2 protein chains.
Amino acid sequence: MFKLNEEQAKRIAEQLNYRWPDDTVVAVVQEKYSGKVLMVASMNKEAVLRTLTTGIAHYWSKSRKELWVKGATSGHIQVVEGFYIDCDRDTVLLVVRQASLIACHEGYHSCFHYRVSEDGKVEVEKEGPKFE
Amino acid sequence: MFKLNEEQAKRIAEQLNYRWPDDTVVAVVQEKYSGKVLMVASMNKEAVLRTLTTGIAHYWSKSRKELWVKGATSGHIQVVEGFYIDCDRDTVLLVVRQASLIACHEGYHSCFHYRVSEDGKVEVEKEGPKFE
């Protein structure tokens with residue numbers, strides 16, 4: 001688990017550029033053992049702080065206008081193992097271990113479960129996106 | 001190379017929900033052979049159409065307000081090998097082969113080259129984010 005103290009977390013959170021809607025950064029979530037991209041979410045400063053100090057992924061819901069812990073109701077908690085910031089400092093990458101094989105509220109391993117096939121169809125890829 | 005005809009591409013592009021700023025979807029770009037997340041960019045409908053019909057990654061620049069081809073000036077073209085859509089249809093995942101080891105305009109393999117260390121420092125990870 002990747003976890004900082006409050007002072008360290010504050011120093012990191014203050015370096016980010018919250019320039020996406022609702023004063024957020026975009027968070028890409030990648031699964032540690034498989035490398036699969038699980039989902040994309042938004043984080044405001046508070047979500048970044050709580051994620052860094054608890055080691056558990058917190059996000060900002062732009063539709064509900066509230067902070068949420070991934071898995072708070074479903075149990076599909078994401079334990080943070082790595083935290084990366086991009087060159088523009090407006091996007092972060094969380095490398096996580098997920099407490100289940102389900103990241104998507106539709107019951108799939110990854111939210112990116114719609115694959116466009118070579119003949120232009122949209123097909124469900126139950127095991128999530130492949131990169132190899 | 002993943003490439004559709006115009007009719008197929010149009011059908012896909014019309015299914016997306018361009019609800020991010022400037023009527024875009026968020027595009028996460030993952031490298032095919034390594035699984036590394038290289039960058040995040042924005043795509044409007046035109047960028048999606050051109051990406052799908054040419055097999056080369058096109059994005060929308062929110063700062064310059066123009067369509068751009070990744071690598072048009074640097075040569076670091078991204079050849080699309082896989083195209084995934086998330087459950088909300090407002091985010092896509094491009095699996096690409098990149099024509100060089102440099103995705104970031106700062107000269108790094110991945111834009112996510114700032115790693116937060118266990119003691120809260122920001123360190124440069126030249127080879128990009130690790131997930132294993």
# chains A, B, ... in the order shown; residues from 1 in each chain; ligands from 1
$ calpha_fit_and_write --fixed "chain B" --moving "chain A" --output "mmCIF file with C-alpha atoms, in the first residue's frame"
data_model
loop_
_atom_site.group_PDB
_atom_site.id
_atom_site.type_symbol
_atom_site.label_atom_id
_atom_site.label_comp_id
_atom_site.auth_asym_id
_atom_site.auth_seq_id
_atom_site.Cartn_x
_atom_site.Cartn_y
_atom_site.Cartn_z
ATOM 1 C CA MET A 1 -2.997 -1.261 -37.864
ATOM 2 C CA PHE A 2 -6.615 -0.830 -36.855
ATOM 3 C CA LYS A 3 -8.561 0.965 -39.547
ATOM 4 C CA LEU A 4 -12.247 1.264 -40.450
ATOM 5 C CA ASN A 5 -14.038 2.549 -43.512
ATOM 6 C CA GLU A 6 -15.877 5.855 -43.291
ATOM 7 C CA GLU A 7 -19.285 4.412 -42.668
ATOM 8 C CA GLN A 8 -18.044 2.132 -39.890
ATOM 9 C CA ALA A 9 -16.047 4.971 -38.311
ATOM 10 C CA LYS A 10 -19.044 7.283 -38.395
ATOM 11 C CA ARG A 11 -21.212 4.699 -36.663
ATOM 12 C CA ILE A 12 -18.658 4.373 -33.857
ATOM 13 C CA ALA A 13 -18.023 8.113 -33.534
ATOM 14 C CA GLU A 14 -21.736 8.768 -33.205
ATOM 15 C CA GLN A 15 -22.031 6.412 -30.249
ATOM 16 C CA LEU A 16 -19.665 8.399 -28.076
ATOM 17 C CA ASN A 17 -20.704 10.935 -25.482
ATOM 18 C CA TYR A 18 -18.567 14.039 -26.057
ATOM 19 C CA ARG A 19 -19.226 15.511 -22.661
ATOM 20 C CA TRP A 20 -15.772 16.723 -21.691
ATOM 21 C CA PRO A 21 -14.690 20.338 -22.417
ATOM 22 C CA ASP A 22 -14.783 21.377 -26.109
ATOM 23 C CA ASP A 23 -17.172 18.477 -26.833
ATOM 24 C CA THR A 24 -14.539 15.803 -26.465
ATOM 25 C CA VAL A 25 -13.983 12.367 -25.032
ATOM 26 C CA VAL A 26 -10.925 11.629 -22.907
ATOM 27 C CA ALA A 27 -8.467 9.308 -24.626
ATOM 28 C CA VAL A 28 -6.085 7.145 -22.618
ATOM 29 C CA VAL A 29 -3.176 5.919 -24.696
ATOM 30 C CA GLN A 30 -1.535 2.632 -23.772
ATOM 31 C CA GLU A 31 1.506 1.128 -25.441
ATOM 32 C CA LYS A 32 0.837 -2.237 -27.019
ATOM 33 C CA TYR A 33 4.003 -4.174 -26.308
ATOM 34 C CA SER A 34 4.749 -2.816 -22.822
ATOM 35 C CA GLY A 35 1.296 -2.012 -21.432
ATOM 36 C CA LYS A 36 2.608 1.350 -20.249
ATOM 37 C CA VAL A 37 0.185 4.242 -20.111
ATOM 38 C CA LEU A 38 1.820 6.822 -22.360
ATOM 39 C CA MET A 39 -0.453 9.837 -22.191
ATOM 40 C CA VAL A 40 -3.960 11.206 -21.910
ATOM 41 C CA ALA A 41 -5.410 13.476 -24.575
ATOM 42 C CA SER A 42 -8.762 14.754 -25.818
ATOM 43 C CA MET A 43 -10.630 13.728 -28.955
ATOM 44 C CA ASN A 44 -13.567 15.503 -30.535
ATOM 45 C CA LYS A 45 -15.750 13.720 -33.051
ATOM 46 C CA GLU A 46 -13.531 14.716 -35.952
ATOM 47 C CA ALA A 47 -10.442 13.363 -34.161
ATOM 48 C CA VAL A 48 -12.237 10.067 -33.524
ATOM 49 C CA LEU A 49 -13.280 9.824 -37.176
ATOM 50 C CA ARG A 50 -9.814 10.556 -38.508
ATOM 51 C CA THR A 51 -8.189 8.174 -36.043
ATOM 52 C CA LEU A 52 -10.520 5.358 -37.014
ATOM 53 C CA THR A 53 -10.272 5.907 -40.766
ATOM 54 C CA THR A 54 -6.497 6.383 -40.928
ATOM 55 C CA GLY A 55 -5.297 4.122 -38.106
ATOM 56 C CA ILE A 56 -3.110 7.000 -36.874
ATOM 57 C CA ALA A 57 -3.903 8.759 -33.570
ATOM 58 C CA HIS A 58 -5.468 12.207 -34.006
ATOM 59 C CA TYR A 59 -6.369 14.425 -31.040
ATOM 60 C CA TRP A 60 -8.033 17.736 -30.281
ATOM 61 C CA SER A 61 -5.876 20.377 -28.638
ATOM 62 C CA LYS A 62 -7.965 22.279 -26.094
ATOM 63 C CA SER A 63 -5.292 24.959 -25.739
ATOM 64 C CA ARG A 64 -4.660 25.545 -29.447
ATOM 65 C CA LYS A 65 -8.244 24.738 -30.491
ATOM 66 C CA GLU A 66 -7.125 22.573 -33.342
ATOM 67 C CA LEU A 67 -6.894 18.997 -34.495
ATOM 68 C CA TRP A 68 -3.429 17.496 -34.304
ATOM 69 C CA VAL A 69 -1.728 14.303 -35.315
ATOM 70 C CA LYS A 70 0.526 12.972 -32.605
ATOM 71 C CA GLY A 71 4.001 12.948 -34.143
ATOM 72 C CA ALA A 72 3.207 15.240 -37.080
ATOM 73 C CA THR A 73 6.217 17.377 -36.233
ATOM 74 C CA SER A 74 8.263 15.051 -34.008
ATOM 75 C CA GLY A 75 7.803 11.887 -36.060
ATOM 76 C CA HIS A 76 6.568 10.038 -32.964
ATOM 77 C CA ILE A 77 3.460 8.772 -34.750
ATOM 78 C CA GLN A 78 1.078 6.456 -32.887
ATOM 79 C CA VAL A 79 -0.303 3.557 -34.905
ATOM 80 C CA VAL A 80 -3.598 2.389 -33.449
ATOM 81 C CA GLU A 81 -3.922 -1.334 -32.795
ATOM 82 C CA GLY A 82 -6.935 -1.404 -30.493
ATOM 83 C CA PHE A 83 -9.832 0.904 -29.706
ATOM 84 C CA TYR A 84 -11.956 0.463 -26.573
ATOM 85 C CA ILE A 85 -14.906 2.455 -25.258
ATOM 86 C CA ASP A 86 -15.838 2.663 -21.595
ATOM 87 C CA CYS A 87 -19.231 2.031 -19.999
ATOM 88 C CA ASP A 88 -20.150 5.734 -19.959
ATOM 89 C CA ARG A 89 -19.018 6.122 -23.591
ATOM 90 C CA ASP A 90 -17.211 9.339 -22.701
ATOM 91 C CA THR A 91 -13.715 7.851 -22.500
ATOM 92 C CA VAL A 92 -11.766 5.725 -24.952
ATOM 93 C CA LEU A 93 -8.651 3.631 -24.673
ATOM 94 C CA LEU A 94 -6.250 3.512 -27.599
ATOM 95 C CA VAL A 95 -3.765 0.679 -27.687
ATOM 96 C CA VAL A 96 -0.930 1.879 -29.885
ATOM 97 C CA ARG A 97 2.419 1.054 -31.336
ATOM 98 C CA GLN A 98 4.488 4.167 -31.188
ATOM 99 C CA ALA A 99 7.074 4.902 -33.862
ATOM 100 C CA SER A 100 9.637 5.806 -31.195
ATOM 101 C CA LEU A 101 10.237 5.444 -27.502
ATOM 102 C CA ILE A 102 9.149 9.012 -26.863
ATOM 103 C CA ALA A 103 5.514 9.931 -26.244
ATOM 104 C CA CYS A 104 6.126 13.004 -24.110
ATOM 105 C CA HIS A 105 7.036 16.394 -25.524
ATOM 106 C CA GLU A 106 9.575 16.620 -22.704
ATOM 107 C CA GLY A 107 11.478 13.738 -24.281
ATOM 108 C CA TYR A 108 10.326 10.899 -22.046
ATOM 109 C CA HIS A 109 8.876 7.541 -22.957
ATOM 110 C CA SER A 110 5.619 8.334 -21.157
ATOM 111 C CA CYS A 111 4.042 11.587 -20.047
ATOM 112 C CA PHE A 112 3.566 9.926 -16.654
ATOM 113 C CA HIS A 113 7.223 10.233 -15.793
ATOM 114 C CA TYR A 114 6.789 11.860 -12.408
ATOM 115 C CA ARG A 115 6.604 9.152 -9.767
ATOM 116 C CA VAL A 116 5.630 9.979 -6.219
ATOM 117 C CA SER A 117 8.029 8.095 -3.973
ATOM 118 C CA GLU A 118 7.187 6.429 -0.694
ATOM 119 C CA ASP A 119 8.564 9.386 1.216
ATOM 120 C CA GLY A 120 6.474 11.886 -0.727
ATOM 121 C CA LYS A 121 9.090 13.128 -3.182
ATOM 122 C CA VAL A 122 8.449 13.593 -6.893
ATOM 123 C CA GLU A 123 11.057 11.680 -8.853
ATOM 124 C CA VAL A 124 11.565 11.283 -12.578
ATOM 125 C CA GLU A 125 11.008 7.743 -13.809
ATOM 126 C CA LYS A 126 12.672 7.870 -17.199
ATOM 127 C CA GLU A 127 11.213 4.618 -18.433
ATOM 128 C CA GLY A 128 7.660 5.577 -17.548
ATOM 129 C CA PRO A 129 5.217 4.155 -15.039
ATOM 130 C CA LYS A 130 5.639 0.608 -13.806
ATOM 131 C CA PHE A 131 2.757 -1.618 -12.945
ATOM 132 C CA GLU A 132 4.423 -4.861 -11.957
#
$ select_by_dssp --residues "chain A" --states "alpha helix (DSSP H)" --output "ChimeraX atom specification"
/A:6-13,45-54
$ write_last_selection --atoms "N, CA and C atoms" --output "short mmCIF file (atom, residue, chain, number, x, y, z; two decimals), in the first residue's frame"
data_model
loop_
_atom_site.label_atom_id
_atom_site.label_comp_id
_atom_site.auth_asym_id
_atom_site.auth_seq_id
_atom_site.Cartn_x
_atom_site.Cartn_y
_atom_site.Cartn_z
N GLU A 6 0.30 13.43 6.23
CA GLU A 6 -0.50 14.58 5.76
C GLU A 6 0.32 15.68 5.12
N GLU A 7 1.45 15.93 5.69
CA GLU A 7 2.31 16.99 5.15
C GLU A 7 2.82 16.63 3.76
N GLN A 8 3.27 15.39 3.62
CA GLN A 8 3.75 14.92 2.31
C GLN A 8 2.61 14.97 1.28
N ALA A 9 1.44 14.49 1.68
CA ALA A 9 0.29 14.45 0.77
C ALA A 9 -0.09 15.85 0.32
N LYS A 10 -0.06 16.78 1.25
CA LYS A 10 -0.43 18.16 0.95
C LYS A 10 0.54 18.75 -0.08
N ARG A 11 1.82 18.45 0.10
CA ARG A 11 2.83 18.98 -0.82
C ARG A 11 2.59 18.44 -2.23
N ILE A 12 2.22 17.18 -2.34
CA ILE A 12 1.94 16.61 -3.66
C ILE A 12 0.66 17.21 -4.23
N ALA A 13 -0.38 17.25 -3.42
CA ALA A 13 -1.70 17.73 -3.91
C ALA A 13 -1.61 19.16 -4.41
N LYS A 45 -8.87 18.20 -5.22
CA LYS A 45 -7.73 18.22 -4.30
C LYS A 45 -7.99 17.35 -3.07
N GLU A 46 -9.21 17.41 -2.57
CA GLU A 46 -9.58 16.62 -1.40
C GLU A 46 -9.45 15.12 -1.70
N ALA A 47 -9.88 14.71 -2.89
CA ALA A 47 -9.78 13.29 -3.27
C ALA A 47 -8.32 12.87 -3.36
N VAL A 48 -7.47 13.75 -3.87
CA VAL A 48 -6.04 13.43 -3.95
C VAL A 48 -5.46 13.27 -2.54
N LEU A 49 -5.80 14.22 -1.67
CA LEU A 49 -5.30 14.17 -0.29
C LEU A 49 -5.73 12.89 0.42
N ARG A 50 -7.00 12.57 0.30
CA ARG A 50 -7.49 11.38 1.01
C ARG A 50 -6.90 10.10 0.42
N THR A 51 -6.74 10.08 -0.90
CA THR A 51 -6.13 8.91 -1.53
C THR A 51 -4.71 8.72 -1.03
N LEU A 52 -3.96 9.81 -0.99
CA LEU A 52 -2.55 9.71 -0.60
C LEU A 52 -2.38 9.40 0.89
N THR A 53 -3.28 9.88 1.72
CA THR A 53 -3.10 9.65 3.16
C THR A 53 -3.69 8.32 3.64
N THR A 54 -4.62 7.76 2.87
CA THR A 54 -5.22 6.49 3.28
C THR A 54 -4.70 5.30 2.48
#
$ select_by_dssp --residues "stretch 4-117 of chain B" --states "strand (DSSP E)" --output "VMD selection string"
chain B and resid 25 to 31 37 to 43 58 to 61 66 to 69 78 to 85 91 to 98 114 to 116
